[in-house]
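Visitor: Input input39.cif, format and content: mmCIF, C-alpha atoms.
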```cif
data_my_file
#
loop_
_atom_site.label_atom_id
_atom_site.label_comp_id
_atom_site.auth_asym_id
_atom_site.auth_seq_id
_atom_site.Cartn_x
_atom_site.Cartn_y
_atom_site.Cartn_z
CA MET A 1 0.00 0.00 0.00
CA ALA A 2 1.13 3.53 -0.63
CA THR A 3 1.55 5.97 2.21
CA LEU A 4 1.45 9.73 1.94
CA PRO A 5 3.76 11.31 4.51
CA ALA A 6 3.78 15.07 4.65
CA SER A 7 7.54 15.42 4.27
CA PRO A 8 10.59 13.32 3.29
CA SER A 9 11.85 10.82 5.85
CA PRO A 10 14.56 12.35 8.10
CA PRO A 11 17.32 9.76 7.45
CA TRP A 12 17.48 10.68 3.76
CA PRO A 13 19.44 13.66 2.39
CA ASN A 14 18.00 17.11 2.05
CA PRO A 15 16.68 17.42 -1.51
CA ASN A 16 18.34 20.82 -1.93
CA PRO A 17 21.54 20.40 -3.96
CA ASN A 18 24.92 21.70 -2.92
CA LEU A 19 25.44 24.99 -4.61
CA ASN A 20 28.48 23.70 -5.67
CA SER A 21 18.37 2.78 -47.93
CA ILE A 22 14.94 4.27 -48.08
CA PRO A 23 11.74 3.66 -49.99
CA ASN A 24 10.02 6.75 -48.60
CA PRO A 25 11.58 10.02 -49.80
CA ASN A 26 10.48 11.89 -46.66
CA PHE A 27 13.25 10.25 -44.60
CA HIS A 28 16.97 10.75 -45.25
CA PRO A 29 19.03 8.60 -42.86
CA ASP A 30 22.30 9.96 -44.21
CA GLN A 31 21.49 13.33 -42.63
CA SER A 32 22.42 12.98 -38.98
CA GLN A 33 23.69 14.91 -36.03
CA THR A 34 25.55 13.22 -33.24
CA LEU A 35 26.35 15.06 -30.02
CA ASP A 36 28.05 13.84 -26.86
CA PHE A 37 26.34 14.62 -23.53
CA ASP A 38 29.68 14.94 -21.72
CA SER A 39 30.94 17.67 -24.02
CA LEU A 40 27.81 19.72 -23.30
CA MET A 41 27.67 19.25 -19.55
CA SER A 42 29.32 22.50 -18.55
CA PRO A 43 27.25 24.33 -15.93
CA GLN A 44 24.42 26.25 -17.58
CA SER A 45 22.26 26.82 -14.54
CA HIS A 46 22.53 28.17 -11.03
CA HIS A 47 21.29 24.76 -9.89
CA ALA A 48 24.63 23.11 -10.64
CA SER A 49 27.24 22.58 -7.96
CA THR A 50 30.50 24.50 -8.31
CA ASP A 51 34.08 23.48 -7.63
CA SER A 52 36.92 25.51 -6.21
CA PRO A 53 39.92 26.25 -8.47
CA GLU A 54 41.97 23.67 -6.56
CA SER A 55 39.40 20.88 -7.06
CA PRO A 56 40.26 18.16 -9.58
CA PRO A 57 38.11 17.97 -12.73
CA ALA A 58 34.71 16.51 -11.98
CA THR A 59 34.09 12.94 -13.13
CA PRO A 60 31.35 12.86 -15.79
CA PRO A 61 28.15 11.43 -14.34
CA SER A 62 26.96 7.96 -15.30
CA LEU A 63 23.61 7.71 -17.06
CA LEU A 64 21.00 5.58 -15.31
CA GLN A 65 17.89 6.38 -17.40
CA LEU A 66 16.71 8.51 -20.33
CA SER A 67 13.12 9.52 -21.03
CA PHE A 68 11.27 11.95 -23.28
CA ASN A 69 8.51 14.23 -22.08
CA GLN A 70 5.01 13.70 -23.44
CA ASP A 71 5.35 15.70 -26.69
CA HIS A 72 9.01 14.69 -27.27
CA ALA A 73 10.15 18.33 -27.16
CA CYS A 74 12.41 17.67 -24.16
CA PHE A 75 14.06 14.76 -22.42
CA ALA A 76 15.41 13.96 -18.98
CA ALA A 77 18.64 12.21 -18.07
CA ALA A 78 18.84 10.52 -14.66
CA THR A 79 22.41 10.11 -13.42
CA ASP A 80 24.30 8.75 -10.45
CA ASN A 81 24.56 12.25 -8.97
CA GLY A 82 21.34 14.02 -10.01
CA PHE A 83 19.40 14.76 -13.17
CA ARG A 84 19.53 16.94 -16.26
CA ILE A 85 16.81 18.32 -18.53
CA TYR A 86 17.47 18.96 -22.22
CA ASN A 87 15.65 20.66 -25.06
CA CYS A 88 15.53 18.59 -28.25
CA ASP A 89 15.38 21.22 -30.99
CA PRO A 90 17.71 22.94 -30.78
CA PHE A 91 19.62 20.50 -28.61
CA ARG A 92 20.74 22.21 -25.43
CA GLU A 93 20.71 21.70 -21.70
CA LEU A 94 17.95 23.60 -19.92
CA PHE A 95 18.95 22.96 -16.30
CA HIS A 96 20.40 20.37 -14.00
CA TRP A 97 20.59 19.47 -10.33
CA GLU A 98 23.43 17.65 -8.61
CA PHE A 99 23.03 16.01 -5.22
CA GLY A 100 26.61 15.45 -4.11
CA GLY A 101 26.74 11.79 -5.08
CA GLY A 102 23.07 10.88 -4.60
CA GLY A 103 21.74 9.01 -7.62
CA ILE A 104 18.41 9.40 -9.42
CA GLY A 105 17.17 6.28 -11.18
CA HIS A 106 14.10 7.74 -12.87
CA VAL A 107 12.97 11.24 -13.87
CA GLU A 108 9.50 11.79 -15.26
CA MET A 109 8.63 15.14 -16.83
CA LEU A 110 5.18 16.67 -17.31
CA PHE A 111 5.46 18.43 -20.66
CA ARG A 112 7.48 21.59 -19.78
CA CYS A 113 5.99 22.01 -16.33
CA ASN A 114 8.22 22.77 -13.32
CA ILE A 115 6.90 19.66 -11.55
CA LEU A 116 8.82 16.40 -12.00
CA ALA A 117 8.70 12.95 -10.41
CA LEU A 118 11.98 11.51 -9.09
CA VAL A 119 12.93 8.02 -7.92
CA GLY A 120 16.28 7.30 -6.30
CA GLY A 121 18.66 4.94 -8.06
CA GLY A 122 22.23 3.84 -8.57
CA SER A 123 24.65 2.55 -5.95
CA HIS A 124 23.97 5.52 -3.64
CA PRO A 125 20.35 6.62 -4.25
CA GLN A 126 19.40 10.15 -3.28
CA TYR A 127 15.96 8.92 -2.17
CA PRO A 128 14.71 5.46 -1.27
CA PRO A 129 13.90 3.41 -4.40
CA THR A 130 10.55 2.68 -2.74
CA LYS A 131 9.48 6.33 -2.94
CA VAL A 132 8.31 8.73 -5.62
CA MET A 133 9.40 12.28 -4.84
CA ILE A 134 7.42 15.18 -6.33
CA TRP A 135 9.97 17.83 -7.22
CA ASP A 136 9.17 21.51 -7.82
CA ASP A 137 11.98 23.03 -9.83
CA HIS A 138 10.84 26.59 -9.06
CA GLN A 139 11.33 25.94 -5.34
CA GLY A 140 14.27 23.59 -5.83
CA THR A 141 12.84 21.09 -3.38
CA CYS A 142 10.46 18.16 -3.02
CA ILE A 143 6.88 19.16 -2.22
CA GLY A 144 5.44 15.68 -1.65
CA GLU A 145 6.14 11.98 -1.77
CA LEU A 146 4.50 8.60 -2.25
CA SER A 147 5.85 5.59 -0.38
CA PHE A 148 5.55 1.90 -1.26
CA ARG A 149 6.53 -1.47 0.18
CA SER A 150 8.53 -2.49 -2.88
CA PRO A 151 10.85 -0.62 -5.30
CA VAL A 152 9.24 1.67 -7.85
CA SER A 153 9.87 0.48 -11.41
CA GLY A 154 8.06 3.23 -13.31
CA VAL A 155 6.23 6.56 -13.04
CA ARG A 156 3.90 8.34 -15.47
CA LEU A 157 2.49 11.85 -15.09
CA ARG A 158 -0.61 13.56 -16.38
CA ARG A 159 -1.82 17.02 -15.45
CA ASP A 160 -4.43 15.39 -13.22
CA ARG A 161 -2.89 12.02 -12.30
CA ILE A 162 0.26 10.36 -10.99
CA ILE A 163 0.68 6.71 -12.00
CA VAL A 164 3.22 4.58 -10.12
CA VAL A 165 4.34 1.10 -11.17
CA VAL A 166 5.75 -1.50 -8.79
CA GLU A 167 6.52 -5.17 -9.46
CA GLN A 168 2.97 -6.49 -9.79
CA LYS A 169 0.71 -3.51 -9.21
CA ILE A 170 -0.08 -0.05 -10.56
CA PHE A 171 -1.35 2.81 -8.39
CA VAL A 172 -3.27 5.79 -9.79
CA TYR A 173 -3.34 8.98 -7.68
CA ASN A 174 -5.07 12.31 -7.99
CA PHE A 175 -2.36 14.89 -8.62
CA ALA A 176 -3.92 17.70 -6.58
CA ASP A 177 -4.09 15.93 -3.21
CA LEU A 178 -2.20 12.64 -3.79
CA LYS A 179 -5.34 10.66 -3.03
CA LEU A 180 -5.22 7.03 -4.15
CA LEU A 181 -7.94 6.45 -6.78
CA HIS A 182 -7.24 3.05 -8.35
CA GLN A 183 -5.10 -0.06 -7.93
CA ILE A 184 -4.45 -2.46 -10.82
CA GLU A 185 -2.96 -5.95 -10.50
CA THR A 186 -0.50 -6.99 -13.25
CA ILE A 187 1.79 -9.83 -14.17
CA ALA A 188 5.41 -9.38 -12.99
CA ASN A 189 6.48 -6.06 -14.52
CA PRO A 190 10.15 -5.34 -13.70
CA LYS A 191 10.50 -2.86 -16.58
CA GLY A 192 7.69 -0.70 -15.21
CA LEU A 193 5.71 -0.89 -18.45
CA CYS A 194 2.76 1.51 -18.40
CA GLU A 195 1.46 4.21 -20.76
CA VAL A 196 -1.26 6.84 -20.39
CA SER A 197 -3.14 9.15 -22.74
CA HIS A 198 -2.97 12.92 -22.36
CA LEU A 199 -6.30 14.33 -23.51
CA THR A 200 -7.87 16.34 -20.71
CA ASP A 201 -11.36 14.89 -21.10
CA SER A 202 -10.39 11.21 -20.97
CA LEU A 203 -7.88 8.92 -19.30
CA VAL A 204 -6.69 5.77 -21.04
CA LEU A 205 -4.11 3.63 -19.25
CA ALA A 206 -2.33 0.64 -20.80
CA CYS A 207 -0.38 -1.91 -18.78
CA PRO A 208 0.47 -5.63 -18.81
CA GLY A 209 -2.44 -7.90 -17.93
CA LEU A 210 -2.37 -10.90 -15.63
CA HIS A 211 -1.34 -13.36 -18.35
CA LYS A 212 1.66 -13.73 -20.63
CA GLY A 213 1.36 -11.61 -23.77
CA GLN A 214 -1.74 -9.79 -22.52
CA ILE A 215 -2.32 -6.02 -22.53
CA ARG A 216 -4.86 -4.43 -20.20
CA ILE A 217 -6.39 -1.10 -21.23
CA GLU A 218 -8.38 0.95 -18.74
CA HIS A 219 -10.82 3.51 -20.16
CA PHE A 220 -11.52 5.37 -16.94
CA SER A 221 -13.95 7.91 -18.36
CA GLN A 222 -16.06 5.06 -19.74
CA LYS A 223 -15.47 2.86 -16.68
CA ARG A 224 -14.49 0.05 -19.01
CA THR A 225 -11.60 -2.41 -19.15
CA LYS A 226 -10.33 -4.05 -22.36
CA PHE A 227 -7.98 -7.05 -22.47
CA ILE A 228 -5.95 -7.75 -25.62
CA SER A 229 -4.09 -11.03 -26.18
CA ALA A 230 -1.39 -9.27 -28.15
CA HIS A 231 1.36 -11.91 -28.34
CA ASP A 232 2.15 -15.51 -27.45
CA SER A 233 5.35 -14.42 -25.69
CA ARG A 234 5.72 -11.94 -22.85
CA ILE A 235 5.20 -8.26 -23.55
CA ALA A 236 8.53 -6.47 -23.95
CA CYS A 237 7.41 -2.97 -24.89
CA PHE A 238 4.37 -0.97 -25.95
CA ALA A 239 3.43 2.59 -26.85
CA LEU A 240 0.14 4.49 -26.72
CA THR A 241 -0.83 7.46 -28.87
CA LEU A 242 -1.37 10.72 -26.98
CA ASP A 243 -5.13 10.46 -27.46
CA GLY A 244 -5.17 6.81 -26.33
CA GLN A 245 -6.72 5.65 -29.60
CA PHE A 246 -3.99 3.24 -30.77
CA ILE A 247 -1.46 1.00 -29.06
CA ALA A 248 1.64 -0.64 -30.57
CA THR A 249 3.01 -3.77 -28.90
CA ALA A 250 6.13 -5.94 -29.12
CA SER A 251 6.93 -9.24 -27.42
CA THR A 252 10.18 -10.62 -26.07
CA LYS A 253 10.69 -12.34 -29.44
CA GLY A 254 10.93 -8.90 -31.05
CA THR A 255 10.24 -9.83 -34.67
CA LEU A 256 6.71 -8.46 -35.12
CA ILE A 257 5.12 -5.20 -34.00
CA ARG A 258 1.33 -5.12 -33.77
CA ILE A 259 -0.92 -2.07 -33.75
CA TYR A 260 -4.34 -2.34 -32.11
CA ASP A 261 -7.40 -0.18 -31.71
CA ALA A 262 -7.18 0.55 -27.97
CA GLU A 263 -10.94 0.87 -27.53
CA LEU A 264 -12.12 -2.14 -29.53
CA GLY A 265 -9.04 -4.32 -29.10
CA THR A 266 -8.96 -5.18 -32.81
CA LEU A 267 -5.69 -5.78 -34.66
CA LEU A 268 -5.25 -3.03 -37.25
CA GLN A 269 -1.80 -3.70 -38.64
CA GLU A 270 1.22 -5.95 -38.18
CA VAL A 271 4.73 -4.95 -39.26
CA ARG A 272 7.98 -6.89 -39.21
CA ARG A 273 11.20 -5.64 -37.66
CA GLY A 274 13.17 -8.67 -38.84
CA ALA A 275 13.38 -12.45 -38.93
CA ASN A 276 15.75 -12.95 -35.98
CA ALA A 277 14.81 -12.46 -32.35
CA ALA A 278 15.69 -9.10 -30.82
CA GLU A 279 15.09 -7.15 -27.63
CA ILE A 280 12.84 -4.17 -28.37
CA TYR A 281 13.97 -1.15 -26.36
CA SER A 282 11.36 1.41 -27.36
CA LEU A 283 8.37 2.16 -29.58
CA ALA A 284 7.12 5.62 -30.53
CA PHE A 285 4.21 6.96 -32.59
CA SER A 286 4.48 10.19 -34.53
CA SER A 287 2.02 12.89 -33.47
CA THR A 288 -0.39 11.97 -36.29
CA ALA A 289 0.03 8.19 -35.88
CA GLN A 290 1.34 8.17 -39.46
CA TRP A 291 4.69 6.64 -38.44
CA LEU A 292 6.01 4.23 -35.83
CA ALA A 293 9.66 4.08 -34.75
CA VAL A 294 11.22 0.99 -33.16
CA SER A 295 14.65 0.54 -31.55
CA SER A 296 16.25 -2.78 -30.65
CA ASP A 297 19.46 -4.37 -29.40
CA LYS A 298 20.47 -5.06 -33.01
CA GLY A 299 21.69 -1.48 -33.21
CA THR A 300 18.94 -0.42 -35.60
CA VAL A 301 16.01 1.96 -35.57
CA HIS A 302 13.17 1.09 -37.96
CA VAL A 303 10.46 3.50 -39.10
CA PHE A 304 7.19 1.99 -40.30
CA GLY A 305 4.40 3.66 -42.22
CA LEU A 306 1.02 3.11 -40.56
CA LYS A 307 -2.42 2.83 -42.11
CA VAL A 308 -4.44 3.10 -38.93
CA ASN A 309 -5.29 6.80 -38.70
CA PRO A 310 -8.29 7.90 -40.81
CA ASN A 311 -7.42 11.55 -40.16
CA VAL A 312 -4.26 11.27 -42.27
CA PRO A 313 -4.84 11.67 -46.04
CA GLU A 314 -4.63 8.34 -47.85
CA ASN A 315 -1.69 9.36 -50.03
CA GLU A 316 0.33 10.16 -46.92
CA ASN A 317 -0.12 6.74 -45.37
CA SER A 318 2.09 3.75 -46.04
CA HIS A 319 0.79 1.13 -48.47
CA GLY A 320 2.37 -2.21 -47.57
CA SER A 321 1.62 -5.64 -48.96
CA SER A 322 -1.44 -7.36 -47.56
CA SER A 323 -1.54 -11.03 -46.64
CA SER A 324 -3.65 -11.78 -49.72
CA ASP A 325 -1.44 -9.88 -52.16
CA ALA A 326 2.14 -10.41 -51.07
CA ALA A 327 5.26 -9.19 -52.76
CA ILE A 328 8.83 -10.48 -52.76
CA ALA A 329 10.91 -7.43 -51.96
CA SER A 330 13.96 -6.44 -50.00
CA PRO A 331 13.16 -4.89 -46.59
CA SER A 332 14.85 -1.71 -47.80
CA SER A 333 13.33 -1.65 -51.30
CA SER A 334 10.04 -0.13 -52.37
CA ARG A 335 9.82 -2.09 -55.60
CA SER A 336 8.31 -5.55 -56.06
CA PHE A 337 9.10 -7.72 -59.03
CA ILE A 338 6.84 -10.77 -58.48
CA LYS A 339 3.40 -10.95 -56.90
CA PHE A 340 1.61 -13.99 -55.58
CA LYS A 341 -1.84 -14.63 -54.19
CA GLY A 342 -1.79 -16.16 -50.71
CA VAL A 343 0.85 -18.86 -51.38
CA LEU A 344 3.90 -17.45 -49.60
CA PRO A 345 4.93 -17.96 -45.96
CA LYS A 346 3.94 -15.21 -43.55
CA TYR A 347 7.49 -13.83 -43.57
CA PHE A 348 7.17 -12.77 -47.22
CA ASN A 349 3.75 -11.27 -46.62
CA SER A 350 5.13 -8.96 -43.94
CA GLU A 351 5.09 -5.19 -44.05
CA TRP A 352 8.64 -3.87 -43.73
CA SER A 353 10.02 -0.56 -42.55
CA VAL A 354 10.20 2.43 -44.87
CA ALA A 355 13.45 3.62 -43.27
CA ARG A 356 16.16 1.96 -41.22
CA PHE A 357 19.00 3.62 -39.32
CA HIS A 358 22.10 1.70 -38.24
CA LEU A 359 23.64 2.53 -34.86
CA HIS A 360 25.91 0.72 -32.37
CA GLU A 361 24.75 -2.81 -31.68
CA GLY A 362 24.23 -3.59 -28.00
CA THR A 363 23.62 0.01 -26.90
CA GLN A 364 20.16 0.76 -25.54
CA TYR A 365 18.41 3.46 -27.55
CA THR A 366 15.19 5.35 -26.90
CA VAL A 367 13.44 6.85 -29.93
CA ALA A 368 10.84 9.53 -30.57
CA PHE A 369 9.65 11.77 -33.40
CA GLY A 370 10.83 15.35 -33.25
CA VAL A 371 8.82 18.53 -33.56
CA GLU A 372 10.27 19.07 -37.03
CA LYS A 373 8.43 17.00 -39.63
CA ASN A 374 9.89 13.56 -40.44
CA THR A 375 12.65 13.79 -37.85
CA VAL A 376 13.55 10.90 -35.58
CA ILE A 377 15.36 11.62 -32.31
CA ILE A 378 17.52 8.86 -30.85
CA LEU A 379 18.90 8.87 -27.31
CA GLY A 380 21.61 6.36 -26.40
CA MET A 381 22.60 5.08 -22.99
CA ASP A 382 26.18 5.58 -24.18
CA GLY A 383 25.46 9.32 -23.75
CA ARG A 384 24.81 10.27 -27.34
CA TYR A 385 22.03 12.27 -28.97
CA ASP A 386 21.24 11.62 -32.63
CA THR A 387 18.73 13.09 -35.08
CA ARG A 388 17.83 11.45 -38.38
CA LYS A 389 15.72 12.91 -41.15
#
```
Could you render the structure as structure tokens?
Guide:
Amino acid sequence: MATLPASPSPPWPNPNPNLNSIPNPNFHPDQSQTLDFDSLMSPQSHHASTDSPESPPATPPSLLQLSFNQDHACFAAATDNGFRIYNCDPFRELFHWEFGGGGIGHVEMLFRCNILALVGGGSHPQYPPTKVMIWDDHQGTCIGELSFRSPVSGVRLRRDRIIVVVEQKIFVYNFADLKLLHQIETIANPKGLCEVSHLTDSLVLACPGLHKGQIRIEHFSQKRTKFISAHDSRIACFALTLDGQFIATASTKGTLIRIYDAELGTLLQEVRRGANAAEIYSLAFSSTAQWLAVSSDKGTVHVFGLKVNPNVPENENSHGSSSSDAAIASPSSSRSFIKFKGVLPKYFNSEWSVARFHLHEGTQYTVAFGVEKNTVIILGMDGRYDTRK
């Protein structure tokens, strides 16, 4: 159960820091920008700690987590000594806080609001990993906290809700008074998988169900729950559109990505990342649900054209091969030279990506679509920021 103490527990540190090839012509993967976090981590804010002239050069912080805000205009970097907030376009640091060695394992932004959610992490956590600290950057301090019996594995923020994920349960709180509103049981969820919509008049929450490969979708405004048997294997990753209308899912096998209608639970489209198993790190819809980006441990980011959004003009949507009219084609080619009618294995009937970007294999990447049209933003746990057009 969550508890709501009025102030942080005394044994923990004061939260104040020490003042110390491409079928679609809209994408051009050869146009890229790669920037190193460390080279841009000079103090740019009064929040940063300062060193005396005699002090040795500060050791660059170690990244523990990277996450975009809701509209992908900014992102947060949690480190072993604090956190940093960056603007995506143009890429620049907005502010950072350092806690004298106290680590932050998770930072959750709320668009560009001054309120953030922090969870301690690393070898020397700044706060207990069983707590969510509500941080007000204007005051430079925590203004509330939520406590749990087990470590927090994920946090999501809306303007009216705080959603906290622990191993096998999700808690939904009212933001204004931290009142507990809902509790949801899930299958073991060590990754903290959970997504929420962001329209003010409705709340859609997606999380793992109680069975392997199952997605649970809560439509709170309709007081309705939908279960989707999305995959035979365990759920590895999923993404929800901002309006909560569509959900993209991937399993631990990592070969197929499926897009469902979140309200009806119907399968709308299935796309193929590849033939070999892979760990899917992240999925991201574009703002119009016209594109879907996927990153994996193969060191690639795939962009798929979607056909699920009726609000996008037909000539702007992707037109892949259907299962009844398959084409033999290279995954990176838009041209087909032989067509068959329902006689090929499912692999050849698959819809492939319209763009594919090659990165460093083995590095964990988080992807999103930028504010600029047809721009993919890639964040790497090796401390690199990349944009592809």
Visitor: Counting all atoms listed in the file, which residues of range 248-319 of chain A fall within 12 Å of range 207-231 of chain A, and what is the closest atom pair for each with its distance in Å at one decimal, ordered by chain and rising number, as CSV?
Guide:
```
residue,atom,partner,partner_atom,distance
A:Ala248,CA,A:Ala230,CA,9.5
A:Thr249,CA,A:Ala230,CA,7.1
A:Ala250,CA,A:His231,CA,7.7
A:Ser251,CA,A:His231,CA,6.2
A:Thr252,CA,A:Gly213,CA,9.2
A:Lys253,CA,A:His231,CA,9.4
A:Gly254,CA,A:His231,CA,10.4
A:Thr255,CA,A:His231,CA,11.1
A:Leu256,CA,A:His231,CA,9.3
A:Ile257,CA,A:His231,CA,9.5
A:Arg258,CA,A:Ala230,CA,7.5
A:Ile259,CA,A:Ala230,CA,9.1
A:Tyr260,CA,A:Ala230,CA,8.5
A:Asp261,CA,A:Ile228,CA,9.8
A:Ala262,CA,A:Ile217,CA,7.0
A:Glu263,CA,A:Lys226,CA,7.2
A:Leu264,CA,A:Lys226,CA,7.6
A:Gly265,CA,A:Ile228,CA,5.8
A:Thr266,CA,A:Ile228,CA,8.2
A:Leu267,CA,A:Ala230,CA,8.5
A:Leu268,CA,A:Ala230,CA,11.7
A:Gln269,CA,A:Ala230,CA,11.9
A:Glu270,CA,A:Ala230,CA,10.9
```
Visitor: Applied to this file, what does the PyMOL selection byres ((chain A and resi 58-73) around 6) return in terms of residues, put as a list in words?
Guide: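 After applying the PyMOL selection byres ((chain A and resi 58-73) around 6), what remains is Pro57, Cys74, Phe75, Ala76, Ala77, Ala78, Thr79, Asp80, Cys88, Gly105, Met109 and Phe111 of chain A.
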Visitor: Can I get the selection written as an mmCIF file, in the frame of the given file, with C-alpha atoms?
Guide:
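Contents of again.cif, freshly written:
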```
data_model
loop_
_atom_site.group_PDB
_atom_site.id
_atom_site.type_symbol
_atom_site.label_atom_id
_atom_site.label_comp_id
_atom_site.auth_asym_id
_atom_site.auth_seq_id
_atom_site.Cartn_x
_atom_site.Cartn_y
_atom_site.Cartn_z
ATOM 1 C CA PRO A 57 38.110 17.970 -12.730
ATOM 2 C CA CYS A 74 12.410 17.670 -24.160
ATOM 3 C CA PHE A 75 14.060 14.760 -22.420
ATOM 4 C CA ALA A 76 15.410 13.960 -18.980
ATOM 5 C CA ALA A 77 18.640 12.210 -18.070
ATOM 6 C CA ALA A 78 18.840 10.520 -14.660
ATOM 7 C CA THR A 79 22.410 10.110 -13.420
ATOM 8 C CA ASP A 80 24.300 8.750 -10.450
ATOM 9 C CA CYS A 88 15.530 18.590 -28.250
ATOM 10 C CA GLY A 105 17.170 6.280 -11.180
ATOM 11 C CA MET A 109 8.630 15.140 -16.830
ATOM 12 C CA PHE A 111 5.460 18.430 -20.660
#
```
Visitor: My list of candidates is A:Arg272, A:Lys131, A:His358, A:Arg388. Which is closest to Lys298 in chain A when distances are computed with all atoms listed in the file?
Guide: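 Comparing A:Arg272, A:Lys131, A:His358, A:Arg388 against Lys298 in chain A, the winner is A:His358.
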Visitor: Step by step: start from the point (10.4, 9.5, -40.7) in the file's coordinates, keep every protein, DNA or RNA residue that has an atom no farther than 8 Å from it, count only C-alpha atoms, and write the set as a list in words.
Guide: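 Protein, DNA and RNA residues close to (10.4, 9.5, -40.7): Asn26, Phe27, Trp291, Val303, Ala355, Phe369, Lys373, Asn374, Thr375, Val376 and Lys389 of chain A.
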Visitor: Out of A:Ala275, A:Arg84, A:Asp89, A:Ala117, which residue has the shortest atom-to-atom distance to Thr387 in chain A when counting only C-alpha atoms?
Guide: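 Among the listed residues, the smallest separation from Thr387 in chain A belongs to A:Asp89.
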Visitor: Which residues fall under the PyMOL selection byres ((chain A and resi 156) around 8) in this file, as an mmCIF file with C-alpha atoms, in the frame of the given file?
Guide:
```cif
data_model
loop_
_atom_site.group_PDB
_atom_site.id
_atom_site.type_symbol
_atom_site.label_atom_id
_atom_site.label_comp_id
_atom_site.auth_asym_id
_atom_site.auth_seq_id
_atom_site.Cartn_x
_atom_site.Cartn_y
_atom_site.Cartn_z
ATOM 1 C CA GLU A 108 9.500 11.790 -15.260
ATOM 2 C CA GLY A 154 8.060 3.230 -13.310
ATOM 3 C CA VAL A 155 6.230 6.560 -13.040
ATOM 4 C CA LEU A 157 2.490 11.850 -15.090
ATOM 5 C CA ARG A 158 -0.610 13.560 -16.380
ATOM 6 C CA ILE A 162 0.260 10.360 -10.990
ATOM 7 C CA ILE A 163 0.680 6.710 -12.000
ATOM 8 C CA VAL A 164 3.220 4.580 -10.120
ATOM 9 C CA CYS A 194 2.760 1.510 -18.400
ATOM 10 C CA GLU A 195 1.460 4.210 -20.760
ATOM 11 C CA VAL A 196 -1.260 6.840 -20.390
#
```
Visitor: Rounded to one decimal, what separation in Å do you get between CA of Phe175 in chain A and CA of Ala206 in chain A?
Guide: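 So the answer is 18.7 Å.
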Visitor: Point out the residue among A:Ala176, A:Ala278, A:Leu116, A:Val354 with the least atom-to-atom distance to Asp136 in chain A, counting all atoms listed in the file.
Guide: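 Checking each of A:Ala176, A:Ala278, A:Leu116, A:Val354 against Asp136 in chain A, counting all atoms listed in the file, the winner is A:Leu116.
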Visitor: Pull out every residue that the PyMOL selection byres ((chain A and resi 365) around 8) matches in the shown coordinates and put them as a list in words.
Guide: Tyr281, Ser282, Ser295, Ser296, Thr363, Gln364, Thr366, Val367, Ile378, Leu379, Gly380 and Met381 of chain A
Visitor: Using CA of Ile187 in chain A and CA of Val165 in chain A as the two end points, give the distance in Å to one decimal.
Guide: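 Spanning CA of Ile187 in chain A to CA of Val165 in chain A is a straight-line distance of 11.6 Å.
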Visitor: What is the CA of Leu146 in chain A-CA of Ile134 in chain A distance in Å, reported with one decimal?
Guide: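 About the pair CA of Leu146 in chain A and CA of Ile134 in chain A: they are 8.3 Å apart.
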Visitor: Could you extract range 358-365 of chain A of the given structure into a file holding N, CA, C and O atoms, as a short mmCIF file (atom, residue, chain, number, x, y, z; two decimals), in the first residue's frame?
Guide:
```cif
data_model
loop_
_atom_site.label_atom_id
_atom_site.label_comp_id
_atom_site.auth_asym_id
_atom_site.auth_seq_id
_atom_site.Cartn_x
_atom_site.Cartn_y
_atom_site.Cartn_z
N HIS A 358 21.17 2.60 -38.90
CA HIS A 358 22.10 1.70 -38.24
C HIS A 358 22.91 2.45 -37.20
O HIS A 358 23.52 3.49 -37.48
N LEU A 359 22.93 1.91 -35.98
CA LEU A 359 23.64 2.53 -34.86
C LEU A 359 24.61 1.50 -34.28
O LEU A 359 25.04 0.59 -34.98
N HIS A 360 24.98 1.66 -33.00
CA HIS A 360 25.91 0.72 -32.37
C HIS A 360 25.14 -0.43 -31.76
O HIS A 360 24.29 -0.25 -30.89
N GLU A 361 25.43 -1.63 -32.20
CA GLU A 361 24.75 -2.81 -31.68
C GLU A 361 25.07 -3.01 -30.20
O GLU A 361 26.22 -2.85 -29.78
N GLY A 362 24.04 -3.33 -29.42
CA GLY A 362 24.23 -3.59 -28.00
C GLY A 362 23.95 -2.40 -27.12
O GLY A 362 23.76 -2.56 -25.92
N THR A 363 23.94 -1.19 -27.68
CA THR A 363 23.62 0.01 -26.90
C THR A 363 22.11 0.19 -26.84
O THR A 363 21.41 -0.01 -27.83
N GLN A 364 21.60 0.56 -25.69
CA GLN A 364 20.16 0.76 -25.54
C GLN A 364 19.79 2.15 -26.03
O GLN A 364 20.33 3.15 -25.57
N TYR A 365 18.85 2.20 -26.97
CA TYR A 365 18.41 3.46 -27.55
C TYR A 365 16.93 3.68 -27.28
O TYR A 365 16.13 2.73 -27.32
#
```
